Amino acid sequence: MTTLPPPLRIANTAAVLEGVYGAGTRQATRSGTSRQALYRDAPKVLQSVDGSDYRQRLQELQDVNDRLRADRDRLQSQLRQAVILDAEHLACFAATAQAEGVSLPVARRLLVPFLPQRTPSVPQLGRWAQAAAQKASALLPVLDALARPRVAQGAADEIFFGRRPCLMVVEQHSLCWLTGRLAENREGATWAEEFRRLPNLQQLTRDGGTGLAKGLALVNQERQARGDAPIADQEDHSHTLREGRRALRQVHQRVCRAIDAAAAARQREQQKARRTGSRQGTAAAAARADRHAAAAVDAGVAVEKAWATITDALQLFTPTGALNTRPRAEGIIAAALPLLDDPVWSKTRRALRRPQLLTFLDQAHEQLAALPLAPALRDAAVQAEGLRHCPAGLQGDRPSAAALRGVLLATHLVLAMSGAAGAAAVAQVQQVLGQVWRASSLVECLNSVARMQQSRHRRMTTGLLDLKRLYWNCRTFRTGRRRKQTPYGLLGMNLPTTDWWELLRLSPEQLRQQLSAPGVAA
C-alpha cells in the first residue's frame with residue numbers, strides 16, 4: 001500500500017470515510033488492493049494530512065538544536081576564559097615561581113589540579129627556569145648599562161647563602177635592584193668593584209660593616225685623585241635605633257627585677273613581723289632593696305629621657321618644625337652619651353659617635369642651598385614642610401603650639417602671595433626632602449626576596465639571582481606610594497615593554513637596538 005501514489009491513497013481514504021455503502025469495495029477494486037488494506041491505510045493518511053507527526057519531529061529537532069546552541073555558547077564562554085597551558089605558558093609559570101621564591105616541587109604541586117595527567121616533572125620545570133635564567137643573565141648587562149648611571153643614591157648590604165656572601169645594592173626611591181652578585185668575600189676591594197659600576201653615585205647608605213666602609217673609602221680615594229666629588233657616606237639609622245631599643249629593654253628589665261626584689265624583701269619582712277613580732281634581720285635588707293630599686297628607677301628614667309633626646313636628634317626636623325643641623329644633633333648626642341654608661345649601651349655608643357650617622361643633614365642643607373630659589377621662599381617652604389612633618393607641636397593650648405600655628409600661617413601667606421613661584425618652591429623643597437635617605441633598611445626588601453630561596457635551599461646560583469633581579473625590576477607594585485609603577489619605570493627607564501617574559505623573548509642585540517631608538521630609553 002505504501003507504493004501507491006498520494007492521490008490514490010487520499011481517494012481510498014475518502015471512500016472509506018465519506019463513501020456510501022459499497023464505495024470501499026468499489027474503490028479497492030479500482031486501486032487493485034484489498035478492502036482491509038484501505039481500512040488499515042486510512043488512519044495513516046489522516047495522520048499524515050493532519051501533520052502531527054511532522055510537528056512532533058520538528059519539535060524534537062528544535063529541542064536538539066536548542067541543546068546544541070546552549071552547548072556552543074557554554075563552550076565559547078569557557079574558551080574565552082581558558083588558558084592554553086602549552087610549553088610556553090608552563091615555562092613562564094616555572095620561571096615566575098622561581099623568581100617569586102617558590103620551590104620547583106611546590107610549583108609542580110600547584111599545577112596538578114590543572115594538569116592531572118600531564119603535569120610536567122620537577123626536572124622539566126627546572127630546565128625551563130634555567131633557560132629563562134640564562135636569558136635574564138644575557139639581558140641584564142644591557143639594562144644595567146642604562147640603569148646604573150641614573151643612580152644618585154643607593155643602599156648596600158650583603159646576605160649569605162651558606163658561607164658565600166651576596167652583594168646587594170638598591171636605589172631607594174625606585175627600589176630598583178642594581179646589584180645582586182655572589183662573591184667570594186665581602187672585603188673592601190670587592191665592594192669597591194661594585195661601587196665603581198655606579199659612576200654618578202652621590203650618597204651611599206650602609207650599615208656598620210667594615211667591608212662596606214673600606215670599599216667606599218677606596219672609591220672615594222680614586223674619585224679625589226681624579227678631582228671628582230666623593231660619595232657621601234651615610235651610616236644606617238635603623239640598625240643603631242634597633243640596638244638602642246634593645247639596650248633600653250634590658251635597662252627596663254633590670255629596673256623591673258629591682259622592683260620585684262624590693263617587693264619580695266618587703267614581703268619577707270612583713271611575714272616575719274606577723275610570725276614573730278620582730279623585724280630584726282629583714283628590715284635592713286628591705287630598706288637596702290628599696291634604695292636599690294629607687295636608684296634603678298631614677299637611672300632608668302634618666303636613660304629613657306636621654307634615649308628620647310637622641311632619637312629626636314636623629315630626625316630630619318626638630319620638634320618645632322625647623323630643619324635639623326649637624327651641630328645641634330652632635331651637641332644633643334654628646335650631652336646624652338654620658339648617661340648611657342652601662343655596658344649594654346656599648347655598641348650603640350660606638351655607632352652614635354661616628355660622624356657618618358649625620359651625613360643626611362649635611363646633604364639636605366647642601367641640596368636645599370643649591371635650589372634656584374629666593375632665600376625667603378626656600379625658608380618658608382622648608383618651614384611649612386617641617387611643620388607638616390611635626391603635627392604634634394601644633395596641637396594643644398600651649399603658647400608654643402599657638403606660636404607654631406602662627407608661624408605656619410605666616411609661611412602659607414608668604415607662599416600664597418608668591419603665586420606660581422611659591423608653588424614651585426614647595427614642589428622643589430618636597431622633592432629634595434623626599435630624597436633624604438638615612439636608613440639602609442630598604443635594601444632588606446631585596447634581601448627578603450632572596451631570603452625566601454635561602455630559607456628553602458642554602459644554595460643560590462648566579463642565574464637564579466639574575467632571574468629574580470629582572471623579575472623584580474619589571475614587577476608592578478601593588479600598594480603604597482609606588483603603586484602601579486615598576487622599579488625600572490620609577491628610575492626613569494622607558495622600556496619597550498614592562499612584561500618581563502616579553503623582555504626575555506628578546507636577544508641582547510634586539511634589546512639594545514630597541515633601547516637606542518629615539519624616545520624609548522630616554
# chains A, B, ... in the order shown; residues from 1 in each chain; ligands from 1
>>> residues_around(residues="segment 349-355 of chain A", least_positions_apart="6", cutoff="9 Å", atoms="only C-alpha atoms", output="number ranges by chain")
A: 208, 234-235, 240, 244, 310, 330, 333-334, 337, 340-341
>>> write_last_selection(atoms="N, CA, C and O atoms", output="mmCIF file, in the first residue's frame")
data_model
loop_
_atom_site.group_PDB
_atom_site.id
_atom_site.type_symbol
_atom_site.label_atom_id
_atom_site.label_comp_id
_atom_site.auth_asym_id
_atom_site.auth_seq_id
_atom_site.Cartn_x
_atom_site.Cartn_y
_atom_site.Cartn_z
ATOM 1 N N GLY A 208 77.066 49.161 59.555
ATOM 2 C CA GLY A 208 78.402 49.356 60.116
ATOM 3 C C GLY A 208 79.426 48.336 59.677
ATOM 4 O O GLY A 208 80.478 48.217 60.326
ATOM 5 N N GLN A 234 76.656 57.687 54.365
ATOM 6 C CA GLN A 234 75.584 57.776 55.347
ATOM 7 C C GLN A 234 75.440 56.431 56.055
ATOM 8 O O GLN A 234 75.105 55.425 55.434
ATOM 9 N N GLU A 235 75.712 56.444 57.364
ATOM 10 C CA GLU A 235 75.559 55.202 58.110
ATOM 11 C C GLU A 235 74.101 54.996 58.491
ATOM 12 O O GLU A 235 73.374 55.946 58.791
ATOM 13 N N THR A 240 71.179 51.272 64.294
ATOM 14 C CA THR A 240 71.530 51.978 65.532
ATOM 15 C C THR A 240 70.328 52.102 66.455
ATOM 16 O O THR A 240 70.420 51.853 67.669
ATOM 17 N N GLY A 244 69.738 50.463 70.134
ATOM 18 C CA GLY A 244 69.373 51.289 71.279
ATOM 19 C C GLY A 244 68.103 50.808 71.960
ATOM 20 O O GLY A 244 68.025 50.780 73.198
ATOM 21 N N ILE A 310 68.105 61.572 72.066
ATOM 22 C CA ILE A 310 68.947 61.101 70.963
ATOM 23 C C ILE A 310 68.089 60.744 69.756
ATOM 24 O O ILE A 310 68.428 61.060 68.606
ATOM 25 N N GLU A 330 74.794 66.845 67.063
ATOM 26 C CA GLU A 330 76.002 66.399 67.759
ATOM 27 C C GLU A 330 76.015 66.871 69.205
ATOM 28 O O GLU A 330 76.455 66.137 70.102
ATOM 29 N N ILE A 333 73.579 64.649 71.218
ATOM 30 C CA ILE A 333 74.124 63.306 71.412
ATOM 31 C C ILE A 333 75.271 63.325 72.421
ATOM 32 O O ILE A 333 75.373 62.453 73.292
ATOM 33 N N ALA A 334 76.149 64.339 72.310
ATOM 34 C CA ALA A 334 77.277 64.424 73.241
ATOM 35 C C ALA A 334 76.797 64.625 74.676
ATOM 36 O O ALA A 334 77.409 64.105 75.626
ATOM 37 N N LEU A 337 75.201 61.065 75.857
ATOM 38 C CA LEU A 337 76.026 59.861 75.917
ATOM 39 C C LEU A 337 76.553 59.532 77.319
ATOM 40 O O LEU A 337 76.624 58.347 77.679
ATOM 41 N N LEU A 340 74.461 57.132 79.123
ATOM 42 C CA LEU A 340 74.398 55.765 78.600
ATOM 43 C C LEU A 340 75.721 55.065 78.883
ATOM 44 O O LEU A 340 76.418 54.608 77.973
ATOM 45 N N ASP A 341 76.093 55.001 80.136
ATOM 46 C CA ASP A 341 77.385 54.455 80.513
ATOM 47 C C ASP A 341 77.340 52.969 80.849
ATOM 48 O O ASP A 341 78.369 52.368 81.165
#
>>> residues_around(residues="Gln367 of chain A", least_positions_apart="4", cutoff="12 Å", atoms="only C-alpha atoms", output="PyMOL selection string")
chain A and resi 202+360-363+371-373+378+428-436
>>> atom_distance(atom1="atom CA of Arg186 of chain A", atom2="atom CA of Ile159 of chain A")
10.0 Å
>>> residues_around(residues="Gln250 of chain A", least_positions_apart="5", cutoff="12 Å", atoms="only C-alpha atoms", output="ChimeraX atom specification")
/A:243-245,255-257,300,303-304,342-345
>>> residues_around(residues="Gln270 of chain A", least_positions_apart="6", cutoff="10 Å", atoms="only C-alpha atoms", output="list in words")
Ala264, Gly277, Ser278, Arg279, Thr282, Ala283 and Ala286 of chain A
>>> residues_around(residues="Asp379 of chain A", least_positions_apart="3", cutoff="12 Å", atoms="only C-alpha atoms", output="PDB file with all heavy atoms, in the first residue's frame")
ATOM      1  N   GLY A 321      59.597  71.947  64.051  1.00  0.00           N
ATOM      2  CA  GLY A 321      59.454  72.018  62.610  1.00  0.00           C
ATOM      3  C   GLY A 321      60.632  72.625  61.878  1.00  0.00           C
ATOM      4  O   GLY A 321      60.596  72.750  60.653  1.00  0.00           O
ATOM      5  N   ALA A 322      61.683  72.988  62.580  1.00  0.00           N
ATOM      6  CA  ALA A 322      62.870  73.546  61.921  1.00  0.00           C
ATOM      7  C   ALA A 322      63.736  72.418  61.377  1.00  0.00           C
ATOM      8  O   ALA A 322      63.753  71.303  61.923  1.00  0.00           O
ATOM      9  CB  ALA A 322      63.662  74.410  62.902  1.00  0.00           C
ATOM     10  N   LEU A 323      64.467  72.712  60.305  1.00  0.00           N
ATOM     11  CA  LEU A 323      65.360  71.715  59.729  1.00  0.00           C
ATOM     12  C   LEU A 323      66.526  71.471  60.678  1.00  0.00           C
ATOM     13  O   LEU A 323      67.203  72.406  61.113  1.00  0.00           O
ATOM     14  CB  LEU A 323      65.863  72.190  58.368  1.00  0.00           C
ATOM     15  CG  LEU A 323      66.665  71.175  57.545  1.00  0.00           C
ATOM     16  CD1 LEU A 323      65.804  69.972  57.196  1.00  0.00           C
ATOM     17  CD2 LEU A 323      67.206  71.825  56.277  1.00  0.00           C
ATOM     18  N   HIS A 365      71.032  70.116  53.698  1.00  0.00           N
ATOM     19  CA  HIS A 365      71.334  71.553  53.656  1.00  0.00           C
ATOM     20  C   HIS A 365      72.031  71.932  52.348  1.00  0.00           C
ATOM     21  O   HIS A 365      71.728  72.990  51.764  1.00  0.00           O
ATOM     22  CB  HIS A 365      72.192  71.938  54.858  1.00  0.00           C
ATOM     23  CG  HIS A 365      71.424  72.035  56.141  1.00  0.00           C
ATOM     24  ND1 HIS A 365      70.711  73.154  56.496  1.00  0.00           N
ATOM     25  CD2 HIS A 365      71.243  71.135  57.151  1.00  0.00           C
ATOM     26  CE1 HIS A 365      70.139  72.959  57.679  1.00  0.00           C
ATOM     27  NE2 HIS A 365      70.444  71.738  58.101  1.00  0.00           N
ATOM     28  N   LEU A 368      69.389  71.822  49.483  1.00  0.00           N
ATOM     29  CA  LEU A 368      68.444  72.936  49.577  1.00  0.00           C
ATOM     30  C   LEU A 368      69.114  74.252  49.209  1.00  0.00           C
ATOM     31  O   LEU A 368      68.504  75.111  48.543  1.00  0.00           O
ATOM     32  CB  LEU A 368      67.869  73.010  50.991  1.00  0.00           C
ATOM     33  CG  LEU A 368      66.873  71.915  51.384  1.00  0.00           C
ATOM     34  CD1 LEU A 368      66.530  72.005  52.855  1.00  0.00           C
ATOM     35  CD2 LEU A 368      65.607  72.027  50.539  1.00  0.00           C
ATOM     36  N   ALA A 369      70.362  74.422  49.628  1.00  0.00           N
ATOM     37  CA  ALA A 369      71.063  75.663  49.285  1.00  0.00           C
ATOM     38  C   ALA A 369      71.316  75.770  47.786  1.00  0.00           C
ATOM     39  O   ALA A 369      71.416  76.884  47.249  1.00  0.00           O
ATOM     40  CB  ALA A 369      72.384  75.729  50.043  1.00  0.00           C
ATOM     41  N   LEU A 371      69.217  74.941  45.448  1.00  0.00           N
ATOM     42  CA  LEU A 371      67.997  75.185  44.686  1.00  0.00           C
ATOM     43  C   LEU A 371      67.959  76.622  44.173  1.00  0.00           C
ATOM     44  O   LEU A 371      68.310  77.562  44.896  1.00  0.00           O
ATOM     45  CB  LEU A 371      66.766  74.925  45.565  1.00  0.00           C
ATOM     46  CG  LEU A 371      66.500  73.474  45.966  1.00  0.00           C
ATOM     47  CD1 LEU A 371      65.288  73.399  46.884  1.00  0.00           C
ATOM     48  CD2 LEU A 371      66.284  72.607  44.749  1.00  0.00           C
ATOM     49  N   LEU A 373      66.195  79.186  44.206  1.00  0.00           N
ATOM     50  CA  LEU A 373      65.049  79.836  44.826  1.00  0.00           C
ATOM     51  C   LEU A 373      65.516  81.024  45.645  1.00  0.00           C
ATOM     52  O   LEU A 373      66.657  81.059  46.137  1.00  0.00           O
ATOM     53  CB  LEU A 373      64.306  78.861  45.751  1.00  0.00           C
ATOM     54  CG  LEU A 373      63.698  77.600  45.115  1.00  0.00           C
ATOM     55  CD1 LEU A 373      63.164  76.682  46.208  1.00  0.00           C
ATOM     56  CD2 LEU A 373      62.587  77.977  44.147  1.00  0.00           C
ATOM     57  N   ALA A 374      64.623  81.972  45.810  1.00  0.00           N
ATOM     58  CA  ALA A 374      64.902  83.085  46.710  1.00  0.00           C
ATOM     59  C   ALA A 374      64.983  82.560  48.142  1.00  0.00           C
ATOM     60  O   ALA A 374      64.204  81.677  48.522  1.00  0.00           O
ATOM     61  CB  ALA A 374      63.806  84.142  46.588  1.00  0.00           C
ATOM     62  N   PRO A 375      65.924  83.066  48.938  1.00  0.00           N
ATOM     63  CA  PRO A 375      66.062  82.548  50.314  1.00  0.00           C
ATOM     64  C   PRO A 375      64.780  82.601  51.125  1.00  0.00           C
ATOM     65  O   PRO A 375      64.480  81.675  51.883  1.00  0.00           O
ATOM     66  CB  PRO A 375      67.147  83.449  50.907  1.00  0.00           C
ATOM     67  CG  PRO A 375      67.938  83.913  49.735  1.00  0.00           C
ATOM     68  CD  PRO A 375      66.955  84.072  48.612  1.00  0.00           C
ATOM     69  N   ALA A 376      63.982  83.670  50.961  1.00  0.00           N
ATOM     70  CA  ALA A 376      62.746  83.778  51.739  1.00  0.00           C
ATOM     71  C   ALA A 376      61.759  82.683  51.342  1.00  0.00           C
ATOM     72  O   ALA A 376      61.116  82.059  52.201  1.00  0.00           O
ATOM     73  CB  ALA A 376      62.117  85.159  51.535  1.00  0.00           C
ATOM     74  N   VAL A 382      60.554  75.298  53.467  1.00  0.00           N
ATOM     75  CA  VAL A 382      61.164  74.340  54.391  1.00  0.00           C
ATOM     76  C   VAL A 382      60.427  74.355  55.728  1.00  0.00           C
ATOM     77  O   VAL A 382      60.152  73.296  56.319  1.00  0.00           O
ATOM     78  CB  VAL A 382      62.661  74.651  54.582  1.00  0.00           C
ATOM     79  CG1 VAL A 382      63.250  73.805  55.706  1.00  0.00           C
ATOM     80  CG2 VAL A 382      63.428  74.399  53.296  1.00  0.00           C
ATOM     81  N   GLN A 383      60.091  75.546  56.206  1.00  0.00           N
ATOM     82  CA  GLN A 383      59.381  75.637  57.479  1.00  0.00           C
ATOM     83  C   GLN A 383      57.995  75.003  57.384  1.00  0.00           C
ATOM     84  O   GLN A 383      57.564  74.270  58.288  1.00  0.00           O
ATOM     85  CB  GLN A 383      59.236  77.108  57.882  1.00  0.00           C
ATOM     86  CG  GLN A 383      58.600  77.325  59.248  1.00  0.00           C
ATOM     87  CD  GLN A 383      59.506  76.906  60.394  1.00  0.00           C
ATOM     88  OE1 GLN A 383      60.583  77.447  60.560  1.00  0.00           O
ATOM     89  NE2 GLN A 383      59.070  75.930  61.174  1.00  0.00           N
ATOM     90  N   ALA A 384      57.307  75.253  56.284  1.00  0.00           N
ATOM     91  CA  ALA A 384      55.983  74.653  56.112  1.00  0.00           C
ATOM     92  C   ALA A 384      56.075  73.132  56.039  1.00  0.00           C
ATOM     93  O   ALA A 384      55.243  72.416  56.617  1.00  0.00           O
ATOM     94  CB  ALA A 384      55.323  75.213  54.846  1.00  0.00           C
ATOM     95  N   GLU A 385      57.077  72.636  55.332  1.00  0.00           N
ATOM     96  CA  GLU A 385      57.244  71.191  55.225  1.00  0.00           C
ATOM     97  C   GLU A 385      57.616  70.594  56.587  1.00  0.00           C
ATOM     98  O   GLU A 385      57.153  69.499  56.944  1.00  0.00           O
ATOM     99  CB  GLU A 385      58.320  70.876  54.196  1.00  0.00           C
ATOM    100  CG  GLU A 385      58.436  69.409  53.827  1.00  0.00           C
ATOM    101  CD  GLU A 385      57.247  68.886  53.064  1.00  0.00           C
ATOM    102  OE1 GLU A 385      56.419  69.705  52.615  1.00  0.00           O
ATOM    103  OE2 GLU A 385      57.135  67.658  52.920  1.00  0.00           O
ATOM    104  N   GLY A 386      58.449  71.293  57.355  1.00  0.00           N
ATOM    105  CA  GLY A 386      58.821  70.802  58.678  1.00  0.00           C
ATOM    106  C   GLY A 386      57.632  70.732  59.621  1.00  0.00           C
ATOM    107  O   GLY A 386      57.468  69.752  60.359  1.00  0.00           O
ATOM    108  N   VAL A 407      53.370  80.698  62.989  1.00  0.00           N
ATOM    109  CA  VAL A 407      54.464  80.562  62.014  1.00  0.00           C
ATOM    110  C   VAL A 407      53.969  79.853  60.754  1.00  0.00           C
ATOM    111  O   VAL A 407      54.292  80.252  59.632  1.00  0.00           O
ATOM    112  CB  VAL A 407      55.644  79.796  62.647  1.00  0.00           C
ATOM    113  CG1 VAL A 407      56.691  79.451  61.597  1.00  0.00           C
ATOM    114  CG2 VAL A 407      56.270  80.621  63.765  1.00  0.00           C
ATOM    115  N   LEU A 408      53.171  78.802  60.946  1.00  0.00           N
ATOM    116  CA  LEU A 408      52.643  78.073  59.791  1.00  0.00           C
ATOM    117  C   LEU A 408      51.751  78.975  58.945  1.00  0.00           C
ATOM    118  O   LEU A 408      51.818  78.951  57.704  1.00  0.00           O
ATOM    119  CB  LEU A 408      51.861  76.851  60.281  1.00  0.00           C
ATOM    120  CG  LEU A 408      51.258  75.963  59.198  1.00  0.00           C
ATOM    121  CD1 LEU A 408      52.344  75.390  58.305  1.00  0.00           C
ATOM    122  CD2 LEU A 408      50.434  74.845  59.807  1.00  0.00           C
ATOM    123  N   ALA A 410      51.980  82.210  58.695  1.00  0.00           N
ATOM    124  CA  ALA A 410      52.832  83.188  58.017  1.00  0.00           C
ATOM    125  C   ALA A 410      53.533  82.567  56.806  1.00  0.00           C
ATOM    126  O   ALA A 410      53.637  83.200  55.740  1.00  0.00           O
ATOM    127  CB  ALA A 410      53.858  83.747  58.998  1.00  0.00           C
ATOM    128  N   THR A 411      54.019  81.332  56.948  1.00  0.00           N
ATOM    129  CA  THR A 411      54.683  80.676  55.812  1.00  0.00           C
ATOM    130  C   THR A 411      53.699  80.435  54.662  1.00  0.00           C
ATOM    131  O   THR A 411      54.035  80.655  53.488  1.00  0.00           O
ATOM    132  CB  THR A 411      55.288  79.339  56.250  1.00  0.00           C
ATOM    133  OG1 THR A 411      54.266  78.510  56.811  1.00  0.00           O
ATOM    134  CG2 THR A 411      56.378  79.560  57.277  1.00  0.00           C
ATOM    135  N   HIS A 412      52.469  80.033  54.984  1.00  0.00           N
ATOM    136  CA  HIS A 412      51.469  79.841  53.937  1.00  0.00           C
ATOM    137  C   HIS A 412      51.132  81.161  53.254  1.00  0.00           C
ATOM    138  O   HIS A 412      50.909  81.199  52.035  1.00  0.00           O
ATOM    139  CB  HIS A 412      50.207  79.230  54.527  1.00  0.00           C
ATOM    140  CG  HIS A 412      50.357  77.762  54.816  1.00  0.00           C
ATOM    141  ND1 HIS A 412      49.429  77.028  55.521  1.00  0.00           N
ATOM    142  CD2 HIS A 412      51.346  76.885  54.497  1.00  0.00           C
ATOM    143  CE1 HIS A 412      49.830  75.771  55.615  1.00  0.00           C
ATOM    144  NE2 HIS A 412      50.992  75.660  55.014  1.00  0.00           N
ATOM    145  N   VAL A 414      53.192  83.757  52.903  1.00  0.00           N
ATOM    146  CA  VAL A 414      54.321  84.112  52.033  1.00  0.00           C
ATOM    147  C   VAL A 414      54.274  83.305  50.742  1.00  0.00           C
ATOM    148  O   VAL A 414      54.457  83.841  49.633  1.00  0.00           O
ATOM    149  CB  VAL A 414      55.655  83.879  52.771  1.00  0.00           C
ATOM    150  CG1 VAL A 414      56.840  84.020  51.817  1.00  0.00           C
ATOM    151  CG2 VAL A 414      55.788  84.856  53.927  1.00  0.00           C
ATOM    152  N   LEU A 415      54.015  82.016  50.851  1.00  0.00           N
ATOM    153  CA  LEU A 415      53.984  81.162  49.661  1.00  0.00           C
ATOM    154  C   LEU A 415      52.796  81.491  48.769  1.00  0.00           C
ATOM    155  O   LEU A 415      52.917  81.476  47.533  1.00  0.00           O
ATOM    156  CB  LEU A 415      53.937  79.692  50.091  1.00  0.00           C
ATOM    157  CG  LEU A 415      55.177  79.173  50.826  1.00  0.00           C
ATOM    158  CD1 LEU A 415      54.923  77.774  51.380  1.00  0.00           C
ATOM    159  CD2 LEU A 415      56.385  79.155  49.900  1.00  0.00           C
ATOM    160  N   GLY A 422      55.829  80.416  44.490  1.00  0.00           N
ATOM    161  CA  GLY A 422      55.678  79.743  45.770  1.00  0.00           C
ATOM    162  C   GLY A 422      55.339  78.267  45.608  1.00  0.00           C
ATOM    163  O   GLY A 422      55.881  77.414  46.322  1.00  0.00           O
ATOM    164  N   ALA A 425      58.414  76.498  44.575  1.00  0.00           N
ATOM    165  CA  ALA A 425      59.344  76.343  45.692  1.00  0.00           C
ATOM    166  C   ALA A 425      58.932  75.173  46.584  1.00  0.00           C
ATOM    167  O   ALA A 425      59.771  74.371  47.009  1.00  0.00           O
ATOM    168  CB  ALA A 425      59.385  77.637  46.510  1.00  0.00           C
ATOM    169  N   VAL A 426      57.641  75.042  46.854  1.00  0.00           N
ATOM    170  CA  VAL A 426      57.159  73.927  47.671  1.00  0.00           C
ATOM    171  C   VAL A 426      57.471  72.599  46.990  1.00  0.00           C
ATOM    172  O   VAL A 426      57.930  71.636  47.630  1.00  0.00           O
ATOM    173  CB  VAL A 426      55.655  74.082  47.938  1.00  0.00           C
ATOM    174  CG1 VAL A 426      55.098  72.826  48.593  1.00  0.00           C
ATOM    175  CG2 VAL A 426      55.389  75.294  48.814  1.00  0.00           C
ATOM    176  N   VAL A 429      61.287  71.867  47.157  1.00  0.00           N
ATOM    177  CA  VAL A 429      61.719  71.533  48.523  1.00  0.00           C
ATOM    178  C   VAL A 429      61.225  70.133  48.902  1.00  0.00           C
ATOM    179  O   VAL A 429      61.971  69.331  49.489  1.00  0.00           O
ATOM    180  CB  VAL A 429      61.209  72.599  49.514  1.00  0.00           C
ATOM    181  CG1 VAL A 429      61.352  72.110  50.950  1.00  0.00           C
ATOM    182  CG2 VAL A 429      61.983  73.891  49.325  1.00  0.00           C
TER     183      VAL A 429
END
>>> closest_residue(among="A:Val106, A:Arg226, A:Ala217, A:Asn447", to="Val169 of chain A", atoms="only C-alpha atoms")
A:Asn447
>>> residues_around(residues="Ala129 of chain A", least_positions_apart="3", cutoff="6 Å", atoms="only C-alpha atoms", output="PDB file with N, CA, C and O atoms, in the first residue's frame")
ATOM      1  N   ALA A  94      56.945  28.272  35.515  1.00  0.00           N
ATOM      2  CA  ALA A  94      58.100  27.779  36.266  1.00  0.00           C
ATOM      3  C   ALA A  94      59.076  28.900  36.584  1.00  0.00           C
ATOM      4  O   ALA A  94      59.588  29.008  37.710  1.00  0.00           O
ATOM      5  N   ALA A  95      59.336  29.777  35.604  1.00  0.00           N
ATOM      6  CA  ALA A  95      60.277  30.881  35.831  1.00  0.00           C
ATOM      7  C   ALA A  95      59.720  31.879  36.840  1.00  0.00           C
ATOM      8  O   ALA A  95      60.450  32.378  37.706  1.00  0.00           O
ATOM      9  N   GLY A 126      62.570  22.700  36.162  1.00  0.00           N
ATOM     10  CA  GLY A 126      63.898  23.258  36.405  1.00  0.00           C
ATOM     11  C   GLY A 126      64.604  23.641  35.120  1.00  0.00           C
ATOM     12  O   GLY A 126      65.293  24.674  35.055  1.00  0.00           O
ATOM     13  N   ALA A 132      65.212  30.348  31.239  1.00  0.00           N
ATOM     14  CA  ALA A 132      64.834  31.746  31.451  1.00  0.00           C
ATOM     15  C   ALA A 132      65.929  32.502  32.199  1.00  0.00           C
ATOM     16  O   ALA A 132      66.197  33.682  31.915  1.00  0.00           O
TER      17      ALA A 132
END
>>> select_by_dssp(residues="segment 127-360 of chain A", states="alpha helix (DSSP H)", output="VMD selection string")
chain A and resid 127 to 147 188 to 196 210 to 226 237 to 276 283 to 313 326 to 336 346 to 353 359 to 360
>>> select_by_dssp(residues="segment 191-342 of chain A", states="strand (DSSP E)", output="PyMOL selection string")
chain A and resi 203-206+232-235
>>> atom_distance(atom1="atom CA of Arg163 of chain A", atom2="atom CA of Leu201 of chain A")
29.3 Å
>>> atom_distance(atom1="atom CA of Thr476 of chain A", atom2="atom CA of Met460 of chain A")
24.6 Å
>>> closest_residue(among="A:Ala364, A:Val102, A:Ala381, A:Ala273", to="Leu316 of chain A", atoms="only C-alpha atoms")
A:Ala364
